[in-house]
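**Q** One file: run15.cif (mmCIF, C-alpha atoms).
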```cif
data_model
#
loop_
_atom_site.label_atom_id
_atom_site.label_comp_id
_atom_site.auth_asym_id
_atom_site.auth_seq_id
_atom_site.Cartn_x
_atom_site.Cartn_y
_atom_site.Cartn_z
CA MET A 767 209.35 58.72 64.28
CA ALA A 768 210.97 61.98 63.19
CA ASP A 769 209.10 63.92 60.51
CA ASP A 770 212.14 64.02 58.19
CA LEU A 771 212.59 60.26 58.40
CA ARG A 772 208.88 59.68 57.77
CA ARG A 773 208.82 62.03 54.74
CA ASN A 774 211.98 60.41 53.29
CA MET A 775 210.91 56.82 53.96
CA ALA A 776 210.88 54.69 50.82
CA LEU A 777 207.28 53.45 50.72
CA PHE A 778 205.75 53.65 47.27
CA PRO A 779 206.64 51.51 44.23
CA ILE A 780 206.54 53.23 40.84
CA GLY A 781 203.07 51.83 40.03
CA ILE A 782 201.46 53.63 42.96
CA VAL A 783 203.40 56.82 42.21
CA MET A 784 202.17 56.68 38.60
CA LYS A 785 198.58 56.51 39.85
CA LEU A 786 199.09 59.26 42.42
CA THR A 787 200.71 61.68 40.00
CA ASP A 788 199.21 60.70 36.61
CA LEU A 789 202.75 60.53 35.24
CA THR A 790 204.07 57.67 33.14
CA ALA A 791 206.95 55.47 34.27
CA ARG A 792 209.01 56.97 31.46
CA GLN A 793 208.37 60.52 32.71
CA ILE A 794 209.28 59.55 36.27
CA ARG A 795 212.50 57.87 35.11
CA TYR A 796 213.30 60.96 33.00
CA TYR A 797 212.99 63.24 36.04
CA GLU A 798 215.18 60.84 37.99
CA GLN A 799 217.76 60.92 35.20
CA HIS A 800 217.82 64.72 35.49
CA GLU A 801 218.31 64.41 39.27
CA LEU A 802 215.04 66.14 40.12
CA ILE A 803 214.11 63.14 42.29
CA VAL A 804 216.22 60.38 43.80
CA PRO A 805 214.12 57.35 44.71
CA ALA A 806 215.67 54.63 46.83
CA ARG A 807 216.47 51.23 45.35
CA THR A 808 215.78 47.84 46.89
CA SER A 809 218.29 45.01 46.71
CA GLY A 810 216.37 43.87 43.60
CA ASN A 811 216.86 47.37 42.08
CA GLN A 812 213.16 48.32 42.40
CA ARG A 813 212.52 52.04 42.82
CA LEU A 814 210.78 53.08 46.03
CA PHE A 815 209.50 56.62 46.42
CA SER A 816 208.92 58.77 49.49
CA PHE A 817 206.36 61.46 50.31
CA ASN A 818 208.99 64.02 49.30
CA ASP A 819 209.42 62.34 45.92
CA VAL A 820 205.67 62.38 45.26
CA GLU A 821 205.50 66.03 46.30
CA ARG A 822 208.40 66.97 44.00
CA LEU A 823 206.86 65.03 41.10
CA LEU A 824 203.58 66.91 41.54
CA GLU A 825 205.48 70.22 41.61
CA ILE A 826 207.35 69.22 38.43
CA LYS A 827 204.08 68.23 36.76
CA SER A 828 202.54 71.57 37.71
CA LEU A 829 205.50 73.48 36.27
CA ILE A 830 205.41 71.43 33.04
CA GLU A 831 201.68 72.20 32.70
CA LYS A 832 202.53 75.91 33.03
CA GLY A 833 204.96 75.60 30.12
CA VAL A 834 208.25 75.49 32.02
CA ASN A 835 210.88 73.28 30.38
CA ILE A 836 213.34 70.98 32.18
CA ALA A 837 216.08 73.63 32.20
CA GLY A 838 213.67 76.05 33.86
CA ILE A 839 212.55 73.43 36.35
CA LYS A 840 216.19 72.76 37.26
CA GLN A 841 216.59 76.48 37.94
CA VAL A 842 213.49 76.55 40.16
CA MET A 843 214.05 73.22 41.90
CA ASN A 844 217.54 72.32 43.02
CA PRO A 845 218.74 68.93 41.82
CA VAL A 846 218.76 66.24 44.51
CA SER A 847 221.80 64.06 45.12
CA LYS A 848 221.83 60.70 46.88
CA GLU A 849 223.72 62.29 49.77
CA SER A 850 221.29 65.19 50.29
CA GLU A 851 218.79 65.35 53.12
CA GLU A 852 215.93 65.23 50.59
CA ALA A 853 217.02 61.91 49.08
CA THR A 854 214.80 58.92 49.74
CA VAL A 855 216.37 56.46 52.13
CA VAL A 856 215.98 52.75 52.75
CA SER A 857 217.14 52.01 56.24
CA GLU A 858 216.53 48.88 58.24
CA GLN A 859 213.93 50.76 60.27
CA SER A 860 212.12 52.15 57.22
CA GLU A 861 212.17 48.78 55.45
CA VAL A 862 210.60 47.04 58.45
CA LYS A 863 208.01 49.82 58.74
CA ARG A 864 207.17 49.58 55.01
CA ARG A 865 206.60 45.83 55.22
CA GLU A 866 204.33 46.29 58.24
CA LEU A 867 202.10 48.84 56.51
CA SER A 868 199.07 47.69 54.57
CA ASP A 869 197.83 49.64 51.55
CA THR A 870 195.09 51.11 53.73
CA GLN A 871 197.63 52.28 56.29
CA LEU A 872 199.82 53.74 53.52
CA HIS A 873 196.84 55.70 52.18
CA ARG A 874 196.01 56.91 55.70
CA LEU A 875 199.62 57.98 56.25
CA LEU A 876 199.71 59.79 52.91
CA LYS A 877 196.42 61.54 53.67
CA GLN A 878 197.82 62.65 57.04
CA GLN A 879 200.90 64.06 55.30
CA LEU A 880 198.70 65.87 52.78
CA MET A 881 196.69 67.59 55.47
CA GLU A 882 199.70 68.52 57.58
CA LYS A 883 200.76 72.15 57.33
CA ARG A 884 204.51 72.59 57.30
CA PRO A 885 205.85 76.09 57.92
CA GLY A 886 208.10 77.31 55.14
CA LYS A 887 207.17 74.44 52.82
CA ALA A 888 204.61 74.30 50.06
CA SER A 889 202.03 71.61 50.75
CA MET A 890 201.42 68.74 48.34
CA ILE A 891 198.95 69.44 45.60
CA GLN A 892 196.00 68.18 47.60
CA GLY A 893 193.37 68.27 44.87
CA GLN A 894 195.33 65.96 42.63
CA LEU A 895 195.74 63.30 45.32
CA SER A 896 192.37 63.60 47.06
CA ARG A 897 190.67 61.36 44.49
CA PHE A 898 192.54 58.37 45.94
CA TYR A 899 190.70 58.46 49.22
CA ASN A 900 187.33 56.91 49.93
CA LYS A 901 184.68 59.18 51.31
CA ASN A 902 184.22 57.00 54.45
#
```
In C-alpha cells, what does this structure look like?
**A**
Amino acid sequence: MADDLRRNMALFPIGIVMKLTDLTARQIRYYEQHELIVPARTSGNQRLFSFNDVERLLEIKSLIEKGVNIAGIKQVMNPVSKESEEATVVSEQSEVKRRELSDTQLHRLLKQQLMEKRPGKASMIQGQLSRFYNKN
C-alpha cells in the first residue's frame, strides 16, 4: 500500500483521537471548522481521522501551548481542503482495510508510523503518543 494512502486512510474515530491527543471533541471540531484538519465522514456522518490528522492535531496543540493563536496557526499551517492531497479519504479499499484491523493492529500500525523517519517532514510528537503502547 502506498505511503500516502496509508497516512491518509480514515482509521480513527474521534474517541481514539481524543485519547491520543488529549484534546476535547469540541477542540477537534473547532480545528476542523477552521479547516486545519479535514477528517473523512462515514455514511452515518461519523468523523474518521488519519495519521496525518493526528499529526496535525498534535502540531496544533504544540503551537497552542506555545501561545500561538488560531490566526497564527493558520499562517504557519496551510488550511486543508477536501480536495487536497492531505485530506483524509474513505475509499472502498481503505474502508475494507479499516474493518479488517483490530485495535491491536491499529496501535501497531500507528507505532510503526511514529517511528518512521520521513525526509522533509516533521515526525509526530512521539513522546505524547508513546504512553499508548504496552511495554511488551
**Q** Which residues, named as in the file, does the PyMOL selection byres ((chain A and resi 788-797) around 10) pick out? Answer as a list in words.
**A** Ile780, Gly781, Ile782, Val783, Met784, Lys785, Leu786, Thr787, Glu798, Gln799, His800, Glu801, Leu802, Ile803, Val804, Pro805, Arg813, Arg822, Leu823, Leu824, Ile826, Lys827, Ile836, Pro845, Gln894 and Leu895 of chain A
**Q** Take the residues from that selection and write them out as a PDB file, in the coordinates of the input, keeping C-alpha atoms.
**A**
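Output (out21.pdb):
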```
ATOM      1  CA  ILE A 780     206.540  53.230  40.840  1.00  0.00           C
ATOM      2  CA  GLY A 781     203.070  51.830  40.030  1.00  0.00           C
ATOM      3  CA  ILE A 782     201.460  53.630  42.960  1.00  0.00           C
ATOM      4  CA  VAL A 783     203.400  56.820  42.210  1.00  0.00           C
ATOM      5  CA  MET A 784     202.170  56.680  38.600  1.00  0.00           C
ATOM      6  CA  LYS A 785     198.580  56.510  39.850  1.00  0.00           C
ATOM      7  CA  LEU A 786     199.090  59.260  42.420  1.00  0.00           C
ATOM      8  CA  THR A 787     200.710  61.680  40.000  1.00  0.00           C
ATOM      9  CA  GLU A 798     215.180  60.840  37.990  1.00  0.00           C
ATOM     10  CA  GLN A 799     217.760  60.920  35.200  1.00  0.00           C
ATOM     11  CA  HIS A 800     217.820  64.720  35.490  1.00  0.00           C
ATOM     12  CA  GLU A 801     218.310  64.410  39.270  1.00  0.00           C
ATOM     13  CA  LEU A 802     215.040  66.140  40.120  1.00  0.00           C
ATOM     14  CA  ILE A 803     214.110  63.140  42.290  1.00  0.00           C
ATOM     15  CA  VAL A 804     216.220  60.380  43.800  1.00  0.00           C
ATOM     16  CA  PRO A 805     214.120  57.350  44.710  1.00  0.00           C
ATOM     17  CA  ARG A 813     212.520  52.040  42.820  1.00  0.00           C
ATOM     18  CA  ARG A 822     208.400  66.970  44.000  1.00  0.00           C
ATOM     19  CA  LEU A 823     206.860  65.030  41.100  1.00  0.00           C
ATOM     20  CA  LEU A 824     203.580  66.910  41.540  1.00  0.00           C
ATOM     21  CA  ILE A 826     207.350  69.220  38.430  1.00  0.00           C
ATOM     22  CA  LYS A 827     204.080  68.230  36.760  1.00  0.00           C
ATOM     23  CA  ILE A 836     213.340  70.980  32.180  1.00  0.00           C
ATOM     24  CA  PRO A 845     218.740  68.930  41.820  1.00  0.00           C
ATOM     25  CA  GLN A 894     195.330  65.960  42.630  1.00  0.00           C
ATOM     26  CA  LEU A 895     195.740  63.300  45.320  1.00  0.00           C
TER      27      LEU A 895
END
```
**Q** Do you have the atom CA of Glu821 of chain A-atom CA of Ala776 of chain A distance handy?
**A**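 Spanning atom CA of Glu821 of chain A to atom CA of Ala776 of chain A is a straight-line distance of 13.3 Å.
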**Q** Out of A:Glu825, A:Asp819, A:Thr808, A:Leu777, which residue has the shortest atom-to-atom distance to Ile839 of chain A when counting all atoms listed in the file?
**A** A:Glu825
**Q** Using atom CA of Lys840 of chain A and atom CA of Asn818 of chain A as the two end points, give the distance in Å to one decimal.
**A**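 Taking atom CA of Lys840 of chain A as the start and atom CA of Asn818 of chain A as the end point, the length is 16.5 Å.
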**Q** Please indicate the distance in Å from atom CA of Phe815 of chain A to atom CA of Met775 of chain A, rounded to one decimal place.
**A**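 Atom-to-atom, atom CA of Phe815 of chain A and atom CA of Met775 of chain A are spaced 7.7 Å apart.
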**Q** Using all atoms listed in the file, which residue out of A:Ala837, A:Ile830, A:Arg773, A:Met843 lies closest to Ser816 of chain A?
**A**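 Closest to Ser816 of chain A of all the choices is A:Arg773.
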